[in-house]
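Undergrad: Just work-v8.txt, nothing more (compact mmCIF, C-alpha atoms):
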```txt
# COMPACT_ATOMS: atom_id res chain seq x y z
CA MET A 89 -30.56 196.00 -70.97
CA MET A 90 -27.70 193.53 -70.49
CA HIS A 91 -28.29 189.86 -71.21
CA PHE A 92 -25.78 187.19 -70.17
CA GLY A 93 -27.60 184.01 -71.15
CA LEU A 94 -27.03 181.70 -74.10
CA THR A 95 -29.56 181.59 -76.92
CA GLU A 96 -31.06 178.28 -77.97
CA GLU A 97 -28.95 178.43 -81.14
CA GLN A 98 -25.78 178.93 -79.11
CA LYS A 99 -26.67 176.01 -76.85
CA MET A 100 -27.20 173.78 -79.88
CA MET A 101 -23.89 174.91 -81.36
CA ILE A 102 -22.02 174.12 -78.13
CA ASP A 103 -23.75 170.74 -77.80
CA THR A 104 -22.83 169.84 -81.39
CA LEU A 105 -19.18 170.69 -80.80
CA ARG A 106 -19.08 168.82 -77.50
CA ARG A 107 -20.48 165.68 -79.10
CA PHE A 108 -18.08 165.90 -82.03
CA ILE A 109 -15.07 166.37 -79.77
CA ALA A 110 -16.14 163.56 -77.42
CA GLN A 111 -16.96 161.09 -80.19
CA GLU A 112 -14.43 161.90 -82.91
CA LEU A 113 -11.42 163.65 -81.35
CA LYS A 114 -11.03 162.42 -77.77
CA PRO A 115 -10.42 158.81 -78.92
CA LEU A 116 -7.44 160.04 -80.98
CA GLU A 117 -5.70 162.01 -78.24
CA GLU A 118 -3.68 159.16 -76.76
CA GLU A 119 -2.49 158.04 -80.20
CA VAL A 120 -1.27 161.56 -80.97
CA GLU A 121 0.49 161.78 -77.61
CA THR A 122 2.14 158.36 -78.01
CA THR A 123 3.20 158.59 -81.66
CA GLY A 124 3.67 162.36 -81.93
CA SER A 125 1.62 162.47 -85.12
CA LEU A 126 -1.82 162.01 -86.62
CA ALA A 127 -2.18 159.55 -89.49
CA PRO A 128 -3.17 161.38 -92.72
CA ALA A 129 -6.15 159.07 -93.25
CA LYS A 130 -7.51 159.87 -89.79
CA ALA A 131 -6.87 163.58 -90.30
CA GLN A 132 -8.86 163.45 -93.53
CA GLU A 133 -11.67 161.53 -91.85
CA ILE A 134 -12.19 164.04 -89.03
CA PHE A 135 -11.96 166.89 -91.54
CA ARG A 136 -14.73 165.36 -93.67
CA LYS A 137 -16.98 164.79 -90.65
CA SER A 138 -16.40 168.29 -89.31
CA GLN A 139 -17.04 169.88 -92.69
CA ALA A 140 -20.28 167.91 -93.06
CA LEU A 141 -21.49 169.44 -89.78
CA GLY A 142 -20.50 172.96 -90.86
CA LEU A 143 -17.73 173.18 -88.25
CA TYR A 144 -14.84 173.99 -90.60
CA ALA A 145 -13.54 177.57 -90.97
CA LEU A 146 -16.10 178.95 -88.54
CA ASN A 147 -14.42 182.37 -88.53
CA ILE A 148 -14.90 182.99 -92.26
CA SER A 149 -18.09 184.43 -93.74
CA GLN A 150 -20.67 182.12 -95.26
CA ASP A 151 -20.46 183.70 -98.70
CA LEU A 152 -16.83 182.52 -98.84
CA GLY A 153 -17.75 179.02 -97.66
CA GLY A 154 -17.07 179.41 -93.94
CA GLY A 155 -19.25 179.20 -90.85
CA GLY A 156 -19.96 182.92 -90.68
CA LEU A 157 -19.98 183.12 -86.89
CA SER A 158 -19.92 186.36 -84.93
CA THR A 159 -16.86 186.85 -82.76
CA VAL A 160 -18.85 186.01 -79.62
CA ASP A 161 -20.19 182.79 -81.13
CA ARG A 162 -16.73 181.88 -82.35
CA MET A 163 -15.31 182.28 -78.83
CA LEU A 164 -17.99 179.98 -77.46
CA CYS A 165 -16.84 177.39 -80.00
CA GLU A 166 -13.14 178.02 -79.38
CA GLU A 167 -13.68 177.37 -75.68
CA GLN A 168 -15.05 173.94 -76.51
CA MET A 169 -12.09 173.29 -78.80
CA GLY A 170 -9.85 173.92 -75.82
CA HIS A 171 -11.10 170.62 -74.40
CA THR A 172 -8.99 168.66 -76.90
CA THR A 173 -5.50 168.60 -78.46
CA ASP A 174 -4.06 171.31 -80.73
CA ILE A 175 -3.34 169.12 -83.74
CA LEU A 176 -6.86 167.64 -83.69
CA ILE A 177 -8.36 171.14 -83.60
CA ARG A 178 -6.29 172.13 -86.62
CA ARG A 179 -7.21 169.10 -88.69
CA ALA A 180 -10.89 169.02 -87.76
CA PHE A 181 -11.80 172.70 -87.68
CA GLY A 182 -9.15 174.37 -89.83
CA ASN A 183 -6.85 177.31 -89.24
CA VAL A 184 -7.88 179.93 -91.78
CA TYR A 185 -6.19 183.23 -90.96
CA GLU A 186 -8.26 186.37 -91.48
CA ALA A 187 -5.32 187.99 -93.29
CA LEU A 188 -6.33 185.89 -96.30
CA LEU A 189 -9.47 188.01 -96.57
CA ALA A 190 -7.18 190.62 -98.14
CA CYS A 191 -6.84 188.35 -101.19
CA GLN A 192 -7.97 189.95 -104.42
CA GLY A 193 -8.48 188.82 -107.99
CA ALA A 194 -6.60 185.63 -108.85
CA GLN A 195 -5.38 185.36 -105.24
CA ILE A 196 -8.86 184.35 -104.17
CA GLU A 197 -8.98 181.20 -106.28
CA ARG A 198 -5.34 180.33 -105.70
CA TRP A 199 -5.12 180.76 -101.93
CA LEU A 200 -8.27 181.93 -100.12
CA THR A 201 -11.01 179.65 -101.48
CA PRO A 202 -8.96 176.40 -101.30
CA CYS A 203 -8.00 177.25 -97.72
CA VAL A 204 -11.57 177.91 -96.60
CA CYS A 205 -12.85 174.68 -98.12
CA GLY A 206 -9.97 172.65 -96.69
CA GLU A 207 -8.21 171.80 -99.93
CA ARG A 208 -5.09 173.72 -98.90
CA THR A 209 -3.61 174.41 -95.45
CA ALA A 210 -1.84 177.62 -94.48
CA SER A 211 0.55 178.71 -91.73
CA ILE A 212 1.47 182.22 -90.71
CA ALA A 213 5.22 182.86 -90.56
CA ILE A 214 6.19 185.92 -88.54
CA THR A 215 8.43 184.71 -85.71
CA GLU A 216 12.20 184.70 -86.18
CA ALA A 217 15.08 183.71 -83.95
CA GLY A 218 15.72 187.36 -83.12
CA ALA A 219 12.12 188.56 -83.32
CA GLY A 220 9.60 186.85 -81.08
CA SER A 221 7.47 189.31 -79.12
CA ASP A 222 9.10 192.11 -81.17
CA ALA A 223 7.32 191.33 -84.43
CA GLN A 224 8.68 194.51 -86.02
CA GLY A 225 12.25 193.35 -85.48
CA ILE A 226 12.20 190.80 -88.29
CA LYS A 227 15.21 190.50 -90.60
CA THR A 228 13.62 188.60 -93.49
CA ARG A 229 13.60 190.93 -96.50
CA ALA A 230 11.76 191.10 -99.81
CA VAL A 231 13.28 193.29 -102.53
CA LEU A 232 11.10 194.57 -105.37
CA GLN A 233 12.45 193.88 -108.87
CA ALA A 234 11.99 195.91 -112.03
CA ASP A 235 9.48 193.39 -113.42
CA GLY A 236 7.27 193.63 -110.32
CA SER A 237 8.46 190.36 -108.81
CA TRP A 238 10.08 190.09 -105.37
CA ILE A 239 13.23 188.37 -104.09
CA LEU A 240 12.66 186.99 -100.60
CA SER A 241 15.57 186.13 -98.29
CA GLY A 242 15.75 185.21 -94.62
CA SER A 243 14.37 182.67 -92.17
CA LYS A 244 11.57 182.01 -89.69
CA HIS A 245 11.27 179.63 -86.77
CA PHE A 246 8.66 178.03 -84.50
CA ILE A 247 6.21 177.99 -87.44
CA SER A 248 3.28 175.86 -86.34
CA ASP A 249 1.92 173.24 -88.74
CA ALA A 250 4.68 173.93 -91.28
CA GLU A 251 5.15 170.26 -92.18
CA VAL A 252 1.59 169.90 -93.48
CA SER A 253 0.95 173.41 -94.76
CA ASP A 254 0.68 174.01 -98.50
CA PHE A 255 1.50 177.71 -98.33
CA PHE A 256 2.61 180.37 -95.87
CA ILE A 257 1.72 183.97 -95.02
CA VAL A 258 5.22 185.42 -94.59
CA SER A 259 6.15 188.79 -93.12
CA ALA A 260 9.17 190.59 -94.60
CA GLN A 261 10.86 193.95 -94.52
CA THR A 262 10.23 195.78 -97.79
CA GLY A 263 11.75 199.19 -97.09
CA GLN A 264 14.52 200.45 -99.35
CA ALA A 265 16.99 200.53 -96.45
CA ALA A 266 17.58 197.72 -93.99
CA SER A 267 16.77 200.15 -91.16
CA ASP A 268 13.29 200.89 -92.55
CA ARG A 269 10.47 199.29 -90.63
CA GLU A 270 8.20 198.83 -93.63
CA ILE A 271 6.70 195.36 -93.38
CA SER A 272 4.62 193.56 -95.99
CA LEU A 273 2.98 190.14 -96.17
CA PHE A 274 3.56 187.57 -98.91
CA LEU A 275 1.91 184.31 -99.93
CA VAL A 276 4.60 181.69 -100.47
CA ASP A 277 3.79 178.23 -101.81
CA LYS A 278 5.65 175.22 -100.51
CA GLY A 279 7.90 173.94 -103.27
CA THR A 280 8.82 177.38 -104.60
CA PRO A 281 12.50 177.27 -105.67
CA GLY A 282 14.77 178.50 -102.90
CA PHE A 283 12.18 177.93 -100.17
CA SER A 284 12.74 175.02 -97.79
CA VAL A 285 11.17 173.77 -94.58
CA GLY A 286 13.81 173.08 -91.93
CA LYS A 287 13.85 170.85 -88.89
CA ASP A 288 10.89 170.35 -86.58
CA GLN A 289 11.77 172.15 -83.35
CA LYS A 290 10.51 169.65 -80.77
CA MET A 291 8.45 171.09 -77.94
CA MET A 292 7.77 170.18 -74.33
CA GLY A 293 4.09 169.86 -75.17
CA LEU A 294 1.71 170.21 -78.13
CA ARG A 295 2.58 166.75 -79.41
CA GLY A 296 1.60 166.17 -83.02
CA THR A 297 1.87 169.81 -84.12
CA SER A 298 5.10 170.53 -85.98
CA HIS A 299 7.04 173.75 -85.28
CA ASN A 300 9.57 174.19 -88.04
CA GLU A 301 12.25 176.51 -89.28
CA LEU A 302 11.69 178.07 -92.71
CA TRP A 303 14.50 179.14 -95.02
CA PHE A 304 14.22 181.58 -97.93
CA ASP A 305 17.28 181.64 -100.20
CA GLN A 306 16.71 184.26 -102.90
CA VAL A 307 13.15 183.08 -103.45
CA LYS A 308 11.59 184.72 -106.50
CA LEU A 309 7.94 185.60 -105.93
CA GLU A 310 5.44 186.66 -108.57
CA PRO A 311 3.82 190.11 -108.15
CA ILE A 312 0.62 188.31 -107.16
CA ALA A 313 2.35 187.02 -104.03
CA LEU A 314 2.05 190.39 -102.26
CA LEU A 315 -0.91 190.15 -99.84
CA GLY A 316 -2.69 193.44 -99.32
CA GLU A 317 -0.87 196.74 -99.70
CA ARG A 318 2.87 197.12 -99.53
CA GLY A 319 3.94 198.41 -96.12
CA LYS A 320 0.64 197.46 -94.43
CA GLY A 321 1.82 194.02 -93.36
CA PHE A 322 2.54 194.81 -89.72
CA LYS A 323 -0.91 196.29 -89.16
CA MET A 324 -2.53 193.33 -90.93
CA ALA A 325 -0.49 190.85 -88.91
CA MET A 326 -1.35 192.53 -85.61
CA GLN A 327 -5.06 192.51 -86.48
CA VAL A 328 -4.83 188.79 -87.24
CA LEU A 329 -2.82 188.01 -84.13
CA GLY A 330 -5.26 189.98 -81.98
CA VAL A 331 -8.13 187.69 -82.91
CA VAL A 332 -5.83 184.65 -82.71
CA ARG A 333 -4.84 185.62 -79.16
CA LEU A 334 -8.45 185.97 -78.16
CA ALA A 335 -9.55 182.71 -79.77
CA GLN A 336 -6.64 180.29 -79.74
CA VAL A 337 -5.11 181.50 -76.48
CA GLY A 338 -7.88 183.17 -74.46
CA ALA A 339 -10.94 181.07 -75.26
CA ARG A 340 -9.06 177.78 -75.62
CA ALA A 341 -7.22 178.38 -72.35
CA VAL A 342 -10.57 178.82 -70.64
CA GLY A 343 -11.84 175.62 -72.23
CA LYS A 344 -8.77 173.63 -71.26
CA ALA A 345 -8.91 174.96 -67.69
CA ALA A 346 -12.63 174.09 -67.47
CA HIS A 347 -11.89 170.56 -68.70
CA VAL A 348 -9.15 170.13 -66.11
CA LEU A 349 -11.37 171.48 -63.32
CA GLU A 350 -14.11 169.01 -64.22
CA LEU A 351 -11.59 166.17 -63.95
CA MET A 352 -10.30 167.58 -60.66
CA THR A 353 -13.79 167.82 -59.20
CA ASP A 354 -14.73 164.27 -60.19
CA TYR A 355 -11.48 162.89 -58.81
CA ALA A 356 -11.73 164.84 -55.55
CA THR A 357 -15.22 163.48 -54.86
CA GLN A 358 -14.17 159.88 -55.59
CA ARG A 359 -10.66 159.71 -54.12
CA ARG A 360 -10.79 158.81 -50.43
CA GLN A 361 -8.13 159.41 -47.81
CA PHE A 362 -8.43 159.04 -44.05
CA GLY A 363 -11.89 157.62 -44.53
CA LYS A 364 -13.47 160.46 -46.54
CA PRO A 365 -13.33 162.05 -49.99
CA ILE A 366 -10.48 164.50 -50.42
CA ALA A 367 -13.10 167.02 -51.58
CA ASP A 368 -13.97 167.34 -47.88
CA PHE A 369 -10.50 168.68 -47.09
CA GLN A 370 -10.45 172.46 -46.87
CA MET A 371 -7.20 172.88 -48.81
CA VAL A 372 -8.58 170.84 -51.70
CA GLN A 373 -11.82 172.82 -51.53
CA GLN A 374 -9.82 176.04 -51.83
CA MET A 375 -8.08 174.78 -54.98
CA LEU A 376 -11.41 173.81 -56.53
CA ALA A 377 -13.14 177.06 -55.57
CA ASP A 378 -10.26 179.31 -56.69
CA SER A 379 -10.17 177.50 -60.03
CA ALA A 380 -13.91 178.00 -60.61
CA ILE A 381 -13.67 181.69 -59.71
CA GLU A 382 -10.72 182.33 -62.03
CA ILE A 383 -12.18 180.38 -64.96
CA ASN A 384 -15.45 182.29 -64.79
CA ALA A 385 -13.58 185.60 -64.60
CA ALA A 386 -11.42 184.74 -67.61
CA ARG A 387 -14.42 183.54 -69.63
CA TRP A 388 -16.31 186.79 -69.17
CA MET A 389 -13.22 188.75 -70.15
CA VAL A 390 -13.01 186.72 -73.38
CA LEU A 391 -16.69 187.24 -74.19
CA HIS A 392 -16.58 190.95 -73.36
CA ALA A 393 -13.62 191.47 -75.71
CA ALA A 394 -15.43 189.47 -78.41
CA TRP A 395 -18.56 191.58 -77.94
CA LYS A 396 -16.52 194.76 -78.39
CA ILE A 397 -15.10 193.42 -81.67
CA ASP A 398 -18.61 192.61 -82.90
CA GLN A 399 -19.68 196.16 -82.00
CA GLY A 400 -16.81 197.62 -84.03
CA LEU A 401 -15.05 198.89 -80.89
CA ASP A 402 -11.34 198.87 -80.18
CA ALA A 403 -10.60 195.73 -78.14
CA ARG A 404 -6.80 195.76 -78.22
CA ASP A 405 -6.38 196.47 -74.51
CA ASP A 406 -9.05 193.92 -73.65
CA ILE A 407 -7.29 191.25 -75.74
CA ALA A 408 -3.98 191.98 -74.03
CA MET A 409 -5.65 191.57 -70.64
CA VAL A 410 -7.36 188.36 -71.77
CA LYS A 411 -4.04 186.96 -72.99
CA VAL A 412 -2.49 187.40 -69.55
CA GLN A 413 -5.52 186.43 -67.46
CA ALA A 414 -6.58 183.34 -69.41
CA ALA A 415 -3.06 181.98 -69.93
CA GLU A 416 -2.09 182.40 -66.29
CA THR A 417 -5.44 181.06 -65.08
CA LEU A 418 -4.84 177.91 -67.12
CA GLY A 419 -1.37 177.54 -65.63
CA ARG A 420 -2.67 177.83 -62.07
CA VAL A 421 -5.62 175.49 -62.64
CA VAL A 422 -3.51 172.76 -64.23
CA ASP A 423 -0.92 173.06 -61.48
CA ARG A 424 -3.69 172.55 -58.94
CA GLY A 425 -4.94 169.64 -61.01
CA VAL A 426 -1.62 167.86 -60.69
CA GLN A 427 -1.68 168.54 -56.95
CA VAL A 428 -5.21 167.19 -56.48
CA PHE A 429 -4.39 164.05 -58.45
CA GLY A 430 -1.17 163.65 -56.46
CA GLY A 431 1.22 161.03 -57.80
CA MET A 432 -1.23 160.04 -60.52
CA GLY A 433 -1.23 163.65 -61.73
CA TYR A 434 2.50 163.33 -62.39
CA CYS A 435 2.12 159.93 -64.07
CA LYS A 436 1.80 159.54 -67.84
CA ASP A 437 -0.97 156.98 -67.34
CA LEU A 438 -3.39 159.90 -66.91
CA PRO A 439 -3.73 162.96 -69.18
CA MET A 440 -3.15 165.48 -66.36
CA GLU A 441 0.60 165.30 -66.94
CA ARG A 442 0.04 166.14 -70.62
CA TYR A 443 -2.27 169.04 -69.79
CA TYR A 444 0.41 170.43 -67.47
CA ARG A 445 3.01 170.41 -70.27
CA ASP A 446 0.63 171.76 -72.90
CA ALA A 447 -0.47 174.64 -70.67
CA ARG A 448 2.98 176.13 -70.17
CA ILE A 449 3.27 177.59 -73.68
CA TYR A 450 0.16 179.74 -73.27
CA ARG A 451 2.12 182.32 -71.26
CA ILE A 452 4.70 182.57 -74.06
CA TYR A 453 3.29 182.39 -77.57
CA ASP A 454 1.49 185.27 -79.29
CA GLY A 455 3.28 187.65 -76.94
CA THR A 456 4.58 186.81 -73.49
CA SER A 457 2.67 187.79 -70.35
CA GLU A 458 5.38 190.33 -69.62
CA ILE A 459 5.02 192.03 -73.01
CA HIS A 460 1.23 192.24 -72.68
CA ARG A 461 1.50 193.70 -69.19
CA SER A 462 3.76 196.37 -70.63
CA VAL A 463 1.24 197.06 -73.41
CA ILE A 464 -1.56 197.42 -70.86
CA ALA A 465 0.44 199.74 -68.62
CA ARG A 466 1.45 201.98 -71.52
CA SER A 467 -2.18 202.22 -72.59
CA MET A 468 -3.16 203.19 -69.05
CA ALA A 469 -0.60 206.00 -69.14
CA ARG A 470 -2.28 207.34 -72.30
CA ARG A 471 -5.94 206.61 -71.62
CA GLY A 472 -6.17 206.53 -67.85
CA ALA A 473 -9.19 204.93 -66.20
CA ALA A 474 -10.84 204.19 -69.55
CA VAL A 475 -8.72 201.01 -69.66
CA PHE A 476 -10.40 199.55 -66.58
CA ASP A 477 -13.50 201.63 -65.83
CA LEU A 478 -16.89 200.59 -67.23
CA HIS A 479 -17.91 204.07 -68.41
CA ARG A 480 -15.39 206.83 -69.04
```
Mind turning this structure into structure tokens?
TA:
Amino acid sequence: MMHFGLTEEQKMMIDTLRRFIAQELKPLEEEVETTGSLAPAKAQEIFRKSQALGLYALNISQDLGGGGLSTVDRMLCEEQMGHTTDILIRRAFGNVYEALLACQGAQIERWLTPCVCGERTASIAITEAGAGSDAQGIKTRAVLQADGSWILSGSKHFISDAEVSDFFIVSAQTGQAASDREISLFLVDKGTPGFSVGKDQKMMGLRGTSHNELWFDQVKLEPIALLGERGKGFKMAMQVLGVVRLAQVGARAVGKAAHVLELMTDYATQRRQFGKPIADFQMVQQMLADSAIEINAARWMVLHAAWKIDQGLDARDDIAMVKVQAAETLGRVVDRGVQVFGGMGYCKDLPMERYYRDARIYRIYDGTSEIHRSVIARSMARRGAAVFDLHR
């Protein structure tokens, strides 16, 4: 039997998040947009309030101090987070990457536990100037020394939240030859000699979230800095990025699109032209209806992929499809939003202009739409109808 309804617990969880976002985060959005930053005192305040409600690190198990949500429940929460601004999500709800679950021994107390409880903030550093969608094409290298330490050299760019992060999960080539594609992950503390955070690469949108260059000049790392097994870094990174795509791109894109559609609908019923609400005009009706159809389709794709993860099934193809569908749905919905609002949609006095700018990156980060389409097509060539048929 299939069941598509929300449980009472899920409804309560969504209601709690909605209230928190409306009361604590929405009032800060304009300040972030105007100043390009969030005052540390306010960041600490929303963190404390979120943690008190059990909303911090929802993706980490309860025995480690997190929320312990299933993947489906997490996606329901991530959709609600999509209703607000990226930097406020990071400060209020955390950004604890699942790769840290590979921590062992002393790594747990040094990096994992402080991150889950909000004492330390982490960023993941994979992207390089010459390696965006091609995550295996990185040039940063770590060379093993006789004493078990590592020497890390290279650079990263577009590293989100780098200015406030205390440590970084860094991917590096560790093969003996430069041509080897052996990739490992390392935990690198800010302030380690030879490691520096470069300029903030200003973006068209996502105001308040820094995106910095990182530079590694012969950085000596202790043996404990190696995260997981040597040579398993690419697989670990892809597993992390798969869930990140589903949550921070797929589910949040659905939430942002739903928020925009609600604003569009309210405006269309109130705005009058030629003696009647513009919601009575067929072309406006088409924009509203198409948006509702596409949002619902994208949402069910997100939840189906999350369900497969919870069942222990392979959801890689589903996540690739979600990445394309949700990101492009958001782009179309926000574009329609600007059109429905007309001149006011293009004006900075209303948030629609900001939503339009923020939405554009969704088709680019964590793998472009074009790359994911290629991934899907290649999988179809191998697996055939199993990629798109319900039962094969």
Undergrad: Identify, on the basis of only C-alpha atoms, every residue whose closest approach to Val285 in chain A does not exceed 9 Å; exclude the query and any residue fewer than 2 positions from it along the same chain; express the result as a ChimeraX atom specification.
TA: /A:250-251,278,283,287-288,300-303
Undergrad: Hey, what's within 10 Å of range 414-417 of chain A if we count all atoms listed in the file and toss same-chain stuff fewer than 3 positions away? As a PDB file with C-alpha atoms, keeping the file's coordinate frame, please?
TA:
```pdb
ATOM      1  CA  LEU A 334      -8.450 185.970 -78.160  1.00  0.00           C
ATOM      2  CA  VAL A 337      -5.110 181.500 -76.480  1.00  0.00           C
ATOM      3  CA  GLY A 338      -7.880 183.170 -74.460  1.00  0.00           C
ATOM      4  CA  ALA A 339     -10.940 181.070 -75.260  1.00  0.00           C
ATOM      5  CA  ARG A 340      -9.060 177.780 -75.620  1.00  0.00           C
ATOM      6  CA  ALA A 341      -7.220 178.380 -72.350  1.00  0.00           C
ATOM      7  CA  VAL A 342     -10.570 178.820 -70.640  1.00  0.00           C
ATOM      8  CA  GLY A 343     -11.840 175.620 -72.230  1.00  0.00           C
ATOM      9  CA  ALA A 345      -8.910 174.960 -67.690  1.00  0.00           C
ATOM     10  CA  ASP A 378     -10.260 179.310 -56.690  1.00  0.00           C
ATOM     11  CA  SER A 379     -10.170 177.500 -60.030  1.00  0.00           C
ATOM     12  CA  ILE A 381     -13.670 181.690 -59.710  1.00  0.00           C
ATOM     13  CA  GLU A 382     -10.720 182.330 -62.030  1.00  0.00           C
ATOM     14  CA  ILE A 383     -12.180 180.380 -64.960  1.00  0.00           C
ATOM     15  CA  ALA A 385     -13.580 185.600 -64.600  1.00  0.00           C
ATOM     16  CA  ALA A 386     -11.420 184.740 -67.610  1.00  0.00           C
ATOM     17  CA  ARG A 387     -14.420 183.540 -69.630  1.00  0.00           C
ATOM     18  CA  MET A 389     -13.220 188.750 -70.150  1.00  0.00           C
ATOM     19  CA  VAL A 390     -13.010 186.720 -73.380  1.00  0.00           C
ATOM     20  CA  MET A 409      -5.650 191.570 -70.640  1.00  0.00           C
ATOM     21  CA  VAL A 410      -7.360 188.360 -71.770  1.00  0.00           C
ATOM     22  CA  LYS A 411      -4.040 186.960 -72.990  1.00  0.00           C
ATOM     23  CA  ARG A 420      -2.670 177.830 -62.070  1.00  0.00           C
ATOM     24  CA  VAL A 421      -5.620 175.490 -62.640  1.00  0.00           C
ATOM     25  CA  VAL A 422      -3.510 172.760 -64.230  1.00  0.00           C
ATOM     26  CA  ASP A 423      -0.920 173.060 -61.480  1.00  0.00           C
ATOM     27  CA  ALA A 447      -0.470 174.640 -70.670  1.00  0.00           C
ATOM     28  CA  ARG A 448       2.980 176.130 -70.170  1.00  0.00           C
ATOM     29  CA  ILE A 449       3.270 177.590 -73.680  1.00  0.00           C
ATOM     30  CA  TYR A 450       0.160 179.740 -73.270  1.00  0.00           C
ATOM     31  CA  ARG A 451       2.120 182.320 -71.260  1.00  0.00           C
ATOM     32  CA  ILE A 452       4.700 182.570 -74.060  1.00  0.00           C
ATOM     33  CA  TYR A 453       3.290 182.390 -77.570  1.00  0.00           C
ATOM     34  CA  THR A 456       4.580 186.810 -73.490  1.00  0.00           C
ATOM     35  CA  SER A 457       2.670 187.790 -70.350  1.00  0.00           C
TER      36      SER A 457
END
```
Undergrad: Place a sphere of radius 12 Å on (3.1, 161.9, -85.4) in the file coordinates and name every protein, DNA or RNA residue with an atom inside or on its surface, counting only C-alpha atoms; give the answer as a list in words.
TA: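 Residues with an atom close enough to that point: Leu116, Glu117, Glu118, Glu119, Val120, Glu121, Thr122, Thr123, Gly124, Ser125, Leu126, Ala127, Pro128, Lys130, Ala131, Ile175, Leu176, Asp249, Glu251, Val252, Asp288, Lys290, Leu294, Arg295, Gly296, Thr297 and Ser298 of chain A.
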Undergrad: Tell me, as a list in words, which residues lie within 7 Å of Glu216 in chain A, counting all atoms listed in the file; anything in the same chain fewer than 5 positions away does not count.
TA: Ile226, Ser243, Lys244 and His245 of chain A
Undergrad: Using all atoms listed in the file, which residues sit within 10 Å of range 189-200 of chain A once same-chain residues fewer than 2 positions away are excluded, as a PyMOL selection string?
TA: chain A and resi 148-149+152+184-187+202-205+207-210+254-256+275-277+312-317+324
Undergrad: Report, in Å with one decimal, the straight-line distance from CA of Ser284 in chain A to CA of Ser248 in chain A.
TA: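 So the two atoms, CA of Ser284 in chain A and CA of Ser248 in chain A, lie 14.9 Å apart.
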Undergrad: How many Å lie between CA of Gly321 in chain A and CA of Ile271 in chain A, rounded to one decimal?
TA: 5.1 Å
Undergrad: With all atoms listed in the file as the atoms that count, which of A:Arg480, A:Gly319, A:Arg445, A:Gln427 lies nearest to Met292 in chain A?
TA: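 Closest to Met292 in chain A, using all atoms listed in the file: A:Arg445.
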Undergrad: Give me, please, the distance in Å between CA of Ile109 in chain A and CA of Asp454 in chain A, quoted to one decimal.
TA: 25.1 Å
Undergrad: Extract range 385-397 of chain A from the coordinates I pasted, and write it as a compact mmCIF listing (two decimals), in the first residue's frame (atoms kept: N, CA and C atoms).
TA:
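Wrote selection.txt, looks like this:
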```txt
# COMPACT_ATOMS: atom_id res chain seq x y z
N ALA A 385 5.39 18.47 -9.16
CA ALA A 385 6.15 17.40 -9.80
C ALA A 385 7.55 17.30 -9.21
N ALA A 386 8.21 18.45 -9.04
CA ALA A 386 9.56 18.46 -8.48
C ALA A 386 9.56 17.97 -7.03
N ARG A 387 8.57 18.36 -6.26
CA ARG A 387 8.51 17.93 -4.86
C ARG A 387 8.42 16.42 -4.75
N TRP A 388 7.58 15.80 -5.56
CA TRP A 388 7.43 14.35 -5.46
C TRP A 388 8.68 13.64 -5.94
N MET A 389 9.40 14.24 -6.88
CA MET A 389 10.69 13.66 -7.29
C MET A 389 11.68 13.69 -6.14
N VAL A 390 11.71 14.80 -5.40
CA VAL A 390 12.60 14.93 -4.24
C VAL A 390 12.26 13.86 -3.20
N LEU A 391 10.98 13.74 -2.87
CA LEU A 391 10.57 12.82 -1.82
C LEU A 391 10.76 11.36 -2.25
N HIS A 392 10.57 11.07 -3.52
CA HIS A 392 10.79 9.71 -3.99
C HIS A 392 12.27 9.33 -3.89
N ALA A 393 13.16 10.25 -4.29
CA ALA A 393 14.59 9.99 -4.16
C ALA A 393 14.98 9.81 -2.70
N ALA A 394 14.41 10.63 -1.82
CA ALA A 394 14.70 10.52 -0.38
C ALA A 394 14.21 9.18 0.16
N TRP A 395 13.04 8.75 -0.27
CA TRP A 395 12.50 7.46 0.16
C TRP A 395 13.43 6.33 -0.27
N LYS A 396 13.97 6.39 -1.48
CA LYS A 396 14.87 5.35 -1.96
C LYS A 396 16.13 5.30 -1.09
N ILE A 397 16.65 6.46 -0.71
CA ILE A 397 17.83 6.49 0.17
C ILE A 397 17.51 5.82 1.50
```
